[in-house]
Every structure is written in structure tokens, then in C-alpha cells.
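Enquirer: Dropping in my_file10.cif, which is mmCIF, C-alpha atoms:
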data_input
loop_
_atom_site.group_PDB
_atom_site.id
_atom_site.type_symbol
_atom_site.label_atom_id
_atom_site.label_comp_id
_atom_site.auth_asym_id
_atom_site.auth_seq_id
_atom_site.Cartn_x
_atom_site.Cartn_y
_atom_site.Cartn_z
ATOM 1 C CA MET A 24 -290.150 -12.779 -171.579
ATOM 2 C CA THR A 25 -289.148 -13.312 -167.994
ATOM 3 C CA ALA A 26 -292.512 -11.994 -166.888
ATOM 4 C CA LEU A 27 -294.172 -14.940 -168.614
ATOM 5 C CA LEU A 28 -292.089 -17.499 -166.771
ATOM 6 C CA ASN A 29 -292.325 -18.264 -163.112
ATOM 7 C CA ARG A 30 -289.169 -18.656 -161.059
ATOM 8 C CA ARG A 31 -289.320 -22.455 -161.099
ATOM 9 C CA GLN A 32 -289.409 -22.509 -164.897
ATOM 10 C CA LEU A 33 -286.493 -20.108 -165.018
ATOM 11 C CA LEU A 34 -284.505 -22.277 -162.630
ATOM 12 C CA ALA A 35 -285.342 -25.359 -164.667
ATOM 13 C CA ALA A 36 -284.202 -23.587 -167.819
ATOM 14 C CA GLY A 37 -281.019 -22.505 -166.062
ATOM 15 C CA ALA A 38 -280.383 -26.050 -164.859
ATOM 16 C CA ALA A 39 -280.929 -27.385 -168.386
ATOM 17 C CA VAL A 40 -278.443 -24.875 -169.755
ATOM 18 C CA LEU A 41 -275.876 -25.846 -167.114
ATOM 19 C CA ALA A 42 -276.494 -29.542 -167.697
ATOM 20 C CA GLY A 43 -275.771 -28.996 -171.377
ATOM 21 C CA GLY A 44 -272.354 -27.661 -170.421
ATOM 22 C CA THR A 45 -273.035 -24.253 -171.906
ATOM 23 C CA LEU A 46 -272.451 -21.243 -169.716
ATOM 24 C CA ALA A 47 -274.831 -18.319 -169.678
ATOM 25 C CA ARG A 48 -274.298 -16.004 -172.633
ATOM 26 C CA ALA A 49 -275.174 -12.398 -173.169
ATOM 27 C CA HIS A 50 -278.268 -11.275 -175.018
ATOM 28 C CA ASN A 51 -278.272 -7.720 -176.272
ATOM 29 C CA GLY A 52 -274.971 -7.091 -174.526
ATOM 30 C CA THR A 53 -276.177 -7.856 -171.001
ATOM 31 C CA VAL A 54 -275.622 -11.017 -168.979
ATOM 32 C CA HIS A 55 -278.079 -11.459 -166.121
ATOM 33 C CA VAL A 56 -277.147 -13.013 -162.786
ATOM 34 C CA THR A 57 -279.867 -13.552 -160.197
ATOM 35 C CA ILE A 58 -279.142 -13.643 -156.478
ATOM 36 C CA ASP A 59 -281.642 -15.811 -154.615
ATOM 37 C CA LYS A 60 -281.283 -17.454 -151.192
ATOM 38 C CA LEU A 61 -277.612 -16.489 -150.962
ATOM 39 C CA ALA A 62 -276.511 -17.890 -154.318
ATOM 40 C CA PHE A 63 -275.365 -16.321 -157.600
ATOM 41 C CA GLN A 64 -277.309 -17.977 -160.465
ATOM 42 C CA PRO A 65 -275.697 -18.873 -162.736
ATOM 43 C CA ALA A 66 -272.510 -19.043 -160.697
ATOM 44 C CA GLU A 67 -270.324 -19.056 -163.816
ATOM 45 C CA ILE A 68 -270.760 -16.735 -166.786
ATOM 46 C CA GLU A 69 -268.945 -16.109 -170.057
ATOM 47 C CA VAL A 70 -268.826 -12.524 -171.267
ATOM 48 C CA LYS A 71 -267.055 -10.363 -173.812
ATOM 49 C CA ALA A 72 -265.207 -7.172 -172.994
ATOM 50 C CA GLY A 73 -267.613 -4.239 -173.272
ATOM 51 C CA GLU A 74 -270.668 -6.297 -172.315
ATOM 52 C CA THR A 75 -272.569 -5.589 -169.093
ATOM 53 C CA ILE A 76 -273.198 -7.929 -166.189
ATOM 54 C CA GLU A 77 -276.403 -7.184 -164.312
ATOM 55 C CA TRP A 78 -276.970 -8.720 -160.870
ATOM 56 C CA THR A 79 -280.553 -8.773 -159.574
ATOM 57 C CA ASN A 80 -280.859 -9.286 -155.834
ATOM 58 C CA ARG A 81 -284.068 -11.120 -154.874
ATOM 59 C CA ASP A 82 -282.952 -11.492 -151.237
ATOM 60 C CA PRO A 83 -283.942 -9.105 -148.427
ATOM 61 C CA PHE A 84 -280.206 -8.932 -147.606
ATOM 62 C CA ALA A 85 -277.529 -6.560 -148.958
ATOM 63 C CA HIS A 86 -274.983 -8.332 -151.159
ATOM 64 C CA THR A 87 -271.885 -7.390 -153.138
ATOM 65 C CA ALA A 88 -269.943 -8.768 -156.075
ATOM 66 C CA THR A 89 -266.383 -8.291 -154.850
ATOM 67 C CA VAL A 90 -263.124 -9.159 -156.580
ATOM 68 C CA LYS A 91 -260.282 -9.557 -154.105
ATOM 69 C CA GLY A 92 -257.866 -6.691 -154.741
ATOM 70 C CA GLY A 93 -260.147 -5.409 -157.508
ATOM 71 C CA TRP A 94 -263.584 -3.921 -158.105
ATOM 72 C CA GLU A 95 -266.710 -4.185 -155.979
ATOM 73 C CA VAL A 96 -270.365 -3.734 -156.916
ATOM 74 C CA SER A 97 -272.963 -3.120 -154.170
ATOM 75 C CA ILE A 98 -276.292 -4.850 -154.777
ATOM 76 C CA PRO A 99 -278.909 -3.631 -152.253
ATOM 77 C CA PRO A 100 -281.872 -5.847 -151.239
ATOM 78 C CA GLY A 101 -284.446 -6.109 -154.039
ATOM 79 C CA LYS A 102 -282.313 -3.988 -156.406
ATOM 80 C CA SER A 103 -280.097 -4.503 -159.449
ATOM 81 C CA ALA A 104 -276.546 -3.323 -160.132
ATOM 82 C CA THR A 105 -274.235 -3.552 -163.124
ATOM 83 C CA HIS A 106 -270.579 -3.838 -164.104
ATOM 84 C CA VAL A 107 -269.145 -3.227 -167.564
ATOM 85 C CA VAL A 108 -266.705 -6.009 -168.440
ATOM 86 C CA THR A 109 -263.080 -5.198 -169.274
ATOM 87 C CA ALA A 110 -260.590 -7.503 -171.009
ATOM 88 C CA ASP A 111 -258.913 -8.480 -167.704
ATOM 89 C CA ASP A 112 -262.146 -9.463 -165.947
ATOM 90 C CA SER A 113 -261.636 -13.256 -165.922
ATOM 91 C CA VAL A 114 -262.024 -13.423 -162.156
ATOM 92 C CA ASP A 115 -263.526 -15.202 -159.173
ATOM 93 C CA TYR A 116 -265.778 -13.003 -157.088
ATOM 94 C CA TYR A 117 -267.653 -13.268 -153.795
ATOM 95 C CA CYS A 118 -270.059 -11.381 -151.537
ATOM 96 C CA ARG A 119 -268.184 -9.321 -148.951
ATOM 97 C CA PHE A 120 -270.961 -9.785 -146.378
ATOM 98 C CA HIS A 121 -271.439 -13.521 -147.082
ATOM 99 C CA PRO A 122 -268.131 -14.880 -148.422
ATOM 100 C CA ASN A 123 -269.696 -18.338 -148.897
ATOM 101 C CA MET A 124 -271.438 -16.820 -151.957
ATOM 102 C CA THR A 125 -269.050 -17.150 -154.905
ATOM 103 C CA GLY A 126 -269.151 -16.667 -158.663
ATOM 104 C CA ARG A 127 -266.815 -16.766 -161.653
ATOM 105 C CA ILE A 128 -266.505 -14.573 -164.736
ATOM 106 C CA LYS A 129 -264.731 -15.741 -167.871
ATOM 107 C CA VAL A 130 -263.942 -13.193 -170.569
ATOM 108 C CA ILE A 131 -264.011 -14.713 -174.053
ATOM 109 C CA ALA A 132 -262.841 -13.211 -177.321
ATOM 110 C CA MET B 21 -276.487 -35.522 -129.972
ATOM 111 C CA LYS B 22 -275.067 -33.848 -126.886
ATOM 112 C CA THR B 23 -271.590 -35.083 -127.737
ATOM 113 C CA LEU B 24 -271.940 -33.819 -131.277
ATOM 114 C CA ILE B 25 -272.999 -30.350 -130.208
ATOM 115 C CA CYS B 26 -270.311 -30.049 -127.547
ATOM 116 C CA ALA B 27 -267.684 -31.122 -130.049
ATOM 117 C CA LEU B 28 -268.558 -28.125 -132.223
ATOM 118 C CA SER B 29 -266.895 -25.673 -129.903
ATOM 119 C CA ALA B 30 -265.037 -26.291 -126.707
ATOM 120 C CA ALA B 31 -265.076 -22.560 -126.086
ATOM 121 C CA CYS B 32 -268.839 -22.433 -125.759
ATOM 122 C CA LEU B 33 -269.557 -25.275 -123.408
ATOM 123 C CA ALA B 34 -272.239 -23.366 -121.575
ATOM 124 C CA LEU B 35 -274.083 -22.555 -124.785
ATOM 125 C CA ALA B 36 -273.584 -26.072 -126.130
ATOM 126 C CA ALA B 37 -275.110 -27.513 -122.996
ATOM 127 C CA THR B 38 -278.103 -25.211 -123.295
ATOM 128 C CA LEU B 39 -278.700 -26.252 -126.902
ATOM 129 C CA ALA B 40 -278.362 -29.901 -125.952
ATOM 130 C CA VAL B 41 -281.344 -29.444 -123.620
ATOM 131 C CA ALA B 42 -283.499 -29.469 -126.734
ATOM 132 C CA ALA B 43 -281.914 -32.655 -128.026
ATOM 133 C CA ASP B 44 -285.155 -34.553 -127.645
ATOM 134 C CA LYS B 45 -286.618 -33.117 -130.832
ATOM 135 C CA PRO B 46 -288.070 -29.625 -130.401
ATOM 136 C CA THR B 47 -291.484 -28.943 -131.928
ATOM 137 C CA ASP B 48 -292.005 -26.433 -134.761
ATOM 138 C CA PRO B 49 -293.341 -23.703 -132.390
ATOM 139 C CA GLN B 50 -290.245 -24.240 -130.198
ATOM 140 C CA ILE B 51 -287.881 -24.241 -133.195
ATOM 141 C CA ALA B 52 -289.389 -20.963 -134.407
ATOM 142 C CA HIS B 53 -288.883 -19.461 -130.949
ATOM 143 C CA ILE B 54 -285.268 -20.668 -130.684
ATOM 144 C CA ALA B 55 -284.333 -19.414 -134.173
ATOM 145 C CA TYR B 56 -286.016 -16.043 -133.594
ATOM 146 C CA SER B 57 -284.366 -15.656 -130.163
ATOM 147 C CA ALA B 58 -280.949 -16.462 -131.628
ATOM 148 C CA GLY B 59 -281.473 -13.662 -134.174
ATOM 149 C CA VAL B 60 -282.567 -11.128 -131.554
ATOM 150 C CA ILE B 61 -279.465 -11.931 -129.497
ATOM 151 C CA ASP B 62 -277.179 -11.139 -132.425
ATOM 152 C CA VAL B 63 -279.036 -7.887 -133.174
ATOM 153 C CA GLU B 64 -278.523 -6.835 -129.526
ATOM 154 C CA ALA B 65 -274.820 -7.697 -129.755
ATOM 155 C CA ALA B 66 -274.568 -5.649 -132.978
ATOM 156 C CA LYS B 67 -276.205 -2.622 -131.325
ATOM 157 C CA LEU B 68 -273.724 -2.838 -128.451
ATOM 158 C CA ALA B 69 -270.842 -3.050 -130.939
ATOM 159 C CA LEU B 70 -272.113 -0.046 -132.910
ATOM 160 C CA SER B 71 -272.252 1.999 -129.691
ATOM 161 C CA LYS B 72 -268.661 1.111 -128.789
ATOM 162 C CA THR B 73 -266.434 0.393 -131.771
ATOM 163 C CA LYS B 74 -264.454 2.892 -133.840
ATOM 164 C CA ASN B 75 -263.076 0.266 -136.203
ATOM 165 C CA PRO B 76 -264.598 0.594 -139.726
ATOM 166 C CA ASP B 77 -264.477 -3.172 -140.433
ATOM 167 C CA VAL B 78 -266.154 -3.995 -137.120
ATOM 168 C CA THR B 79 -268.742 -1.257 -137.778
ATOM 169 C CA ALA B 80 -269.530 -2.657 -141.253
ATOM 170 C CA PHE B 81 -269.791 -6.164 -139.826
ATOM 171 C CA ALA B 82 -272.114 -5.110 -136.986
ATOM 172 C CA GLN B 83 -274.333 -3.103 -139.384
ATOM 173 C CA SER B 84 -274.602 -6.174 -141.607
ATOM 174 C CA MET B 85 -275.501 -8.379 -138.600
ATOM 175 C CA GLN B 86 -278.208 -5.973 -137.473
ATOM 176 C CA LYS B 87 -279.796 -5.675 -140.934
ATOM 177 C CA ASP B 88 -279.537 -9.366 -141.893
ATOM 178 C CA HIS B 89 -280.838 -10.764 -138.621
ATOM 179 C CA GLU B 90 -283.700 -8.251 -138.548
ATOM 180 C CA ALA B 91 -284.569 -9.173 -142.154
ATOM 181 C CA VAL B 92 -284.541 -12.925 -141.553
ATOM 182 C CA ASN B 93 -286.551 -12.503 -138.344
ATOM 183 C CA ASP B 94 -289.118 -10.470 -140.318
ATOM 184 C CA MET B 95 -289.326 -13.428 -142.727
ATOM 185 C CA ALA B 96 -289.788 -15.764 -139.749
ATOM 186 C CA LEU B 97 -292.565 -13.602 -138.288
ATOM 187 C CA ALA B 98 -294.345 -13.479 -141.653
ATOM 188 C CA LEU B 99 -294.077 -17.259 -141.961
ATOM 189 C CA VAL B 100 -295.388 -18.124 -138.482
ATOM 190 C CA LYS B 101 -298.281 -15.718 -139.081
ATOM 191 C CA LYS B 102 -299.059 -17.388 -142.404
ATOM 192 C CA LEU B 103 -298.825 -20.861 -140.862
ATOM 193 C CA GLY B 104 -300.838 -19.874 -137.806
ATOM 194 C CA VAL B 105 -298.004 -21.059 -135.563
ATOM 195 C CA THR B 106 -297.416 -19.364 -132.202
ATOM 196 C CA PRO B 107 -293.704 -19.486 -131.264
ATOM 197 C CA GLU B 108 -293.401 -21.231 -127.918
ATOM 198 C CA ASP B 109 -290.946 -20.204 -125.232
ATOM 199 C CA ASN B 110 -288.839 -23.107 -123.982
ATOM 200 C CA PRO B 111 -285.806 -23.873 -121.803
ATOM 201 C CA THR B 112 -283.380 -23.615 -124.740
ATOM 202 C CA SER B 113 -284.574 -20.109 -125.679
ATOM 203 C CA ARG B 114 -284.362 -19.007 -122.038
ATOM 204 C CA ALA B 115 -280.877 -20.475 -121.609
ATOM 205 C CA LEU B 116 -279.738 -18.776 -124.831
ATOM 206 C CA ALA B 117 -281.079 -15.430 -123.563
ATOM 207 C CA LYS B 118 -279.369 -15.861 -120.193
ATOM 208 C CA ALA B 119 -276.008 -16.806 -121.726
ATOM 209 C CA SER B 120 -276.189 -13.841 -124.099
ATOM 210 C CA GLU B 121 -277.002 -11.387 -121.278
ATOM 211 C CA GLU B 122 -273.910 -12.569 -119.429
ATOM 212 C CA LYS B 123 -271.826 -12.234 -122.584
ATOM 213 C CA ARG B 124 -273.141 -8.720 -123.237
ATOM 214 C CA ALA B 125 -272.313 -7.673 -119.668
ATOM 215 C CA GLU B 126 -268.788 -9.038 -120.154
ATOM 216 C CA LEU B 127 -268.341 -7.229 -123.488
ATOM 217 C CA GLY B 128 -269.812 -4.037 -122.022
ATOM 218 C CA LYS B 129 -266.815 -3.713 -119.687
ATOM 219 C CA LEU B 130 -264.334 -3.708 -122.567
ATOM 220 C CA ASP B 131 -263.298 -0.844 -124.841
ATOM 221 C CA GLY B 132 -261.236 -0.130 -127.947
ATOM 222 C CA ALA B 133 -259.231 -2.941 -129.529
ATOM 223 C CA ALA B 134 -259.984 -5.295 -126.618
ATOM 224 C CA PHE B 135 -263.716 -4.881 -127.218
ATOM 225 C CA ASP B 136 -263.367 -5.312 -130.999
ATOM 226 C CA LYS B 137 -261.458 -8.566 -130.602
ATOM 227 C CA ALA B 138 -263.780 -9.988 -127.924
ATOM 228 C CA TYR B 139 -266.895 -9.051 -129.926
ATOM 229 C CA ILE B 140 -265.663 -10.529 -133.207
ATOM 230 C CA ASP B 141 -264.271 -13.682 -131.558
ATOM 231 C CA ASN B 142 -267.645 -14.177 -129.880
ATOM 232 C CA GLU B 143 -269.434 -13.642 -133.220
ATOM 233 C CA VAL B 144 -267.323 -16.388 -134.813
ATOM 234 C CA ALA B 145 -268.025 -18.769 -131.913
ATOM 235 C CA TYR B 146 -271.718 -17.830 -131.654
ATOM 236 C CA HIS B 147 -272.452 -18.301 -135.366
ATOM 237 C CA ARG B 148 -270.519 -21.592 -135.360
ATOM 238 C CA GLU B 149 -272.604 -22.751 -132.419
ATOM 239 C CA VAL B 150 -275.941 -21.691 -133.901
ATOM 240 C CA ASN B 151 -275.024 -23.230 -137.279
ATOM 241 C CA GLY B 152 -274.166 -26.504 -135.537
ATOM 242 C CA ALA B 153 -277.540 -26.491 -133.800
ATOM 243 C CA LEU B 154 -279.334 -25.685 -137.088
ATOM 244 C CA GLU B 155 -277.567 -28.481 -138.962
ATOM 245 C CA THR B 156 -277.784 -31.228 -136.375
ATOM 246 C CA LEU B 157 -280.980 -30.422 -134.500
ATOM 247 C CA LEU B 158 -283.293 -27.653 -135.693
ATOM 248 C CA ILE B 159 -283.427 -28.374 -139.457
ATOM 249 C CA PRO B 160 -283.716 -32.171 -139.045
ATOM 250 C CA SER B 161 -286.443 -31.707 -136.402
ATOM 251 C CA ALA B 162 -288.555 -29.176 -138.341
ATOM 252 C CA GLN B 163 -291.777 -30.725 -139.632
ATOM 253 C CA ASN B 164 -293.254 -27.946 -141.776
ATOM 254 C CA PRO B 165 -291.453 -27.755 -145.157
ATOM 255 C CA GLU B 166 -291.645 -23.934 -145.315
ATOM 256 C CA LEU B 167 -290.138 -23.622 -141.845
ATOM 257 C CA LYS B 168 -287.428 -26.111 -142.832
ATOM 258 C CA SER B 169 -286.711 -24.112 -146.000
ATOM 259 C CA LEU B 170 -286.428 -20.839 -144.056
ATOM 260 C CA LEU B 171 -284.069 -22.480 -141.569
ATOM 261 C CA GLU B 172 -281.946 -23.709 -144.479
ATOM 262 C CA THR B 173 -281.753 -20.171 -145.881
ATOM 263 C CA GLY B 174 -280.877 -19.001 -142.358
ATOM 264 C CA LEU B 175 -278.077 -21.564 -142.189
ATOM 265 C CA LYS B 176 -276.566 -20.304 -145.469
ATOM 266 C CA LEU B 177 -276.871 -16.717 -144.235
ATOM 267 C CA PHE B 178 -275.243 -17.485 -140.874
ATOM 268 C CA GLN B 179 -272.483 -19.560 -142.485
ATOM 269 C CA GLY B 180 -271.760 -16.415 -144.510
ATOM 270 C CA HIS B 181 -271.695 -14.384 -141.277
ATOM 271 C CA GLU B 182 -269.289 -16.864 -139.721
ATOM 272 C CA GLN B 183 -266.884 -16.464 -142.652
ATOM 273 C CA HIS B 184 -267.305 -12.670 -142.639
ATOM 274 C CA ALA B 185 -266.491 -12.647 -138.905
ATOM 275 C CA GLU B 186 -263.425 -14.809 -139.527
ATOM 276 C CA HIS B 187 -262.242 -12.343 -142.201
ATOM 277 C CA VAL B 188 -262.703 -9.405 -139.807
ATOM 278 C CA ALA B 189 -260.948 -11.336 -137.005
ATOM 279 C CA ALA B 190 -257.971 -12.021 -139.282
ATOM 280 C CA GLY B 191 -257.739 -8.288 -140.028
ATOM 281 C CA LEU B 192 -257.683 -7.351 -136.332
ATOM 282 C CA LYS B 193 -254.522 -9.331 -135.636
#
Could the structure of this file be written out as C-alpha cells, please?

Expert:
Amino acid sequence: MTALLNRRQLLAAGAAVLAGGTLARAHNGTVHVTIDKLAFQPAEIEVKAGETIEWTNRDPFAHTATVKGGWEVSIPPGKSATHVVTADDSVDYYCRFHPNMTGRIKVIA
Amino acid sequence: MKTLICALSAACLALAATLAVAADKPTDPQIAHIAYSAGVIDVEAAKLALSKTKNPDVTAFAQSMQKDHEAVNDMALALVKKLGVTPEDNPTSRALAKASEEKRAELGKLDGAAFDKAYIDNEVAYHREVNGALETLLIPSAQNPELKSLLETGLKLFQGHEQHAEHVAAGLK
């Protein structure tokens, strides 16, 4: 499906979803977060324990999803990386190399 | 403009003065040259740090600086090629290069914890200075929308570097 949409359409769809007040939800157990121009998109996601978050890095820069005092996922340039959500994963996270990049995960029942 | 830039960092008066030279609106070929030169300077500083430091946080920071600035400069080279723009040397680029050579010579005399602190403190100040110039001068002056967009991405990247440097600096104390 994503192959049929260009990035602008995807962004527009994402913006429409955010405008509607609904956070990104998982499909088939995976929630996708895109990293583009030093931003996590969407910045806030709702997930259930046991689901997978997949970050796709479209930047030519190395990024991380880092939870202070917790886990860290390395996301190399042009690559994807995943994290399986646990019940205590309602957290704020950031990129260790670019701490101005921030995101939030909310675990729902 | 000069007042604005100087106000950004009292510690970098020399650098601020050099950037203020370009206050009368640099052209796109000059902006490309200044931005590229600023990146090369930070790559050189990172290489010096990697040859001297034994601190793992400073090493990780310097590796990130080298890779990020090389990557964004590759993007800049690809863009100027696509646009058919030839980056143009100018007094600001030359002053930046001169100031950075002096700084590198100063850092080169230091070792151990003294080097780590001086390098990271300079990285905080340098990124703050470059970000100030991007925000107040280079981005507003850029005419080509693709160049402007790349500079805006650069600003976000370098703001991230500034915060990363501040985190490392806090850990060194």
C-alpha cells in the first residue's frame, strides 16, 4: 500500500489522522514510525503490550530511540529497527545523537 | 544584525565578528560555501578529538560529528551539482577557516581531561554560533527553495548536536 502513495500523500494522511485527534494505531501488530529530516512521525503512538514498533530511518544520519534509564534501539541511516512493547512502556523517548528529536509511547489495554 | 550575532555568544567574539562580515546578504553560492566550510571545520575537529580522547562519550560524540557533517555535506554537494551552482569562496568562509585553525592549534596542545573539556565546550559554542548564523542570516538570505530547505534540515541537525554536546559536557563535570 505504501508503495502506491508518495511521501507527500502519506504525510497528508498522517496530518489528517493527527488533526482528527486519533493517534497512530497498530495494523497487524506493528506500529510504524518514520524518521525524516530529524523528526519522529508520528511523534506520539498508542500501542498494546506485545505489539511491535518499527522505526524506519529515511535520513542519511544514524539515530536512536532512547528511553532515559531504559532501553535503546539503534536505527542506522536508511534502515529499520524494532522494539517489542512491554506493559511498562508508556514512555518519552529521544535520539541520543540528536536529543531535540523526541517521541512518546502510550501503552493501552 | 551584527549586534544580534554578537549577542549569541560572548565567548566567540572573533567568530561572531567574522560571521557579521556577511551581514549584507550573502548570495546562494556564498551561502553554500559558508555552510560547507562550517561542516568541514567540524569534521576536522572531530578527527583531532578521535586521535586524542580516551573518553567513550567524547569518542561517540566525535564519531557522530564526523559522520553527520560528512553526510550533510554530501547532500550539499549533490544539491549544488543539481542546481548548477558553484560555491563561491568569500571573506566569511576564509575567516571561519582561520579561526578554526587557531582553535585546532590551541586544542592540539591539550591532553586528557583538559582536552576533552576544551573540545566539548568549543563544540557547544561553535554549534551555537553556526546555528545563530543559520537562523538569522543564512536561511533568511537563501533564495533557492531547495538550498533553504537543506539549510533548515542542517539547522535541526546542528541544534541536535548542540544539545548532544551539552549532555556530554554535563557528564564531564

Enquirer: List the residues matched by the PyMOL selection byres ((chain A and resi 85) around 9) in the displayed structure as a list in words, ordered by chain and then by residue number.

Expert: Asn80, Asp82, Pro83, Phe84, His86, Thr87, Ser97, Ile98, Pro99, Pro100, Gly101 and Phe120 of chain A; Ser84, Lys87 and Asp88 of chain B

Enquirer: Convert the current residue selection to file output with C-alpha atoms, as a PDB file, in the frame of the given file.

Expert:
ATOM      1  CA  ASN A  80    -280.859  -9.286-155.834  1.00  0.00           C
ATOM      2  CA  ASP A  82    -282.952 -11.492-151.237  1.00  0.00           C
ATOM      3  CA  PRO A  83    -283.942  -9.105-148.427  1.00  0.00           C
ATOM      4  CA  PHE A  84    -280.206  -8.932-147.606  1.00  0.00           C
ATOM      5  CA  HIS A  86    -274.983  -8.332-151.159  1.00  0.00           C
ATOM      6  CA  THR A  87    -271.885  -7.390-153.138  1.00  0.00           C
ATOM      7  CA  SER A  97    -272.963  -3.120-154.170  1.00  0.00           C
ATOM      8  CA  ILE A  98    -276.292  -4.850-154.777  1.00  0.00           C
ATOM      9  CA  PRO A  99    -278.909  -3.631-152.253  1.00  0.00           C
ATOM     10  CA  PRO A 100    -281.872  -5.847-151.239  1.00  0.00           C
ATOM     11  CA  GLY A 101    -284.446  -6.109-154.039  1.00  0.00           C
ATOM     12  CA  PHE A 120    -270.961  -9.785-146.378  1.00  0.00           C
TER      13      PHE A 120
ATOM     14  CA  SER B  84    -274.602  -6.174-141.607  1.00  0.00           C
ATOM     15  CA  LYS B  87    -279.796  -5.675-140.934  1.00  0.00           C
ATOM     16  CA  ASP B  88    -279.537  -9.366-141.893  1.00  0.00           C
TER      17      ASP B  88
END

Enquirer: Write out as a ChimeraX atom specification the residues lying within 12 Å of segment 66-80 of chain B, counting all atoms listed in the file and excluding same-chain residues fewer than 3 positions away.

Expert: /A:85,119-120 /B:59-63,83-90,121,123-143,181,184-192

Enquirer: Just give me the gap between atom CA of Ala66 of chain A and atom CA of Thr79 of chain A in Å, one decimal is fine.

Expert: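 Distance reported for this atom pair: 13.1 Å.
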
Enquirer: Show which residues sit within 12 Å of Gly92 of chain A, as a PyMOL selection string. Count all atoms listed in the file, and ignore same-chain residues fewer than 2 positions away.

Expert: chain A and resi 89-90+94-95+114-117

Enquirer: Which residues are close to Glu77 of chain A, i.e. within 8 Å by only C-alpha atoms, leaving aside same-chain residues fewer than 2 positions away? Reply as number ranges by chain.

Expert: A: 53-56, 75, 79, 103-106

Enquirer: Atom CA of Lys71 of chain A to atom CA of Gly52 of chain A: how many Å, to one decimal?

Expert: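 Here the two named atoms are 8.6 Å from each other.
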
Enquirer: Which one is closest to chain A: B:Glu155, B:Ala91, B:Pro165, B:Pro46? Count only C-alpha atoms.

Expert: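 Checking each candidate against chain A, we get B:Ala91 as the closest.
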
Enquirer: Mind giving me the straight-line distance from atom CA of Met95 of chain B to atom CA of Ser113 of chain B in Å, one decimal?

Expert: 18.9 Å

Enquirer: Hey, which of A:Ile68, A:Val107, A:Met124, A:Ala132 ends up closest to chain B? Count all atoms listed in the file.

Expert: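 Comparing A:Ile68, A:Val107, A:Met124, A:Ala132 against chain B, the winner is A:Met124.
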
Enquirer: Which residues would end up in the selection if the PyMOL selection byres ((chain A and resi 129) around 8) were applied here, given that I need the answer as a PyMOL selection string?

Expert: chain A and resi 67-70+112-114+127-128+130-131

Enquirer: Taking all atoms listed in the file into account, name the residue in B:Ala58, B:Val92, B:Ala115, B:Ala145 that is nearest to chain A.

Expert: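 Counting all atoms listed in the file, the residue closest to chain A is B:Val92.
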
Enquirer: Given only C-alpha atoms as the basis, pick out the residue of B:Glu172, B:Glu108, B:Glu149, B:Asp94 nearest to Ala52 of chain B.

Expert: B:Glu108
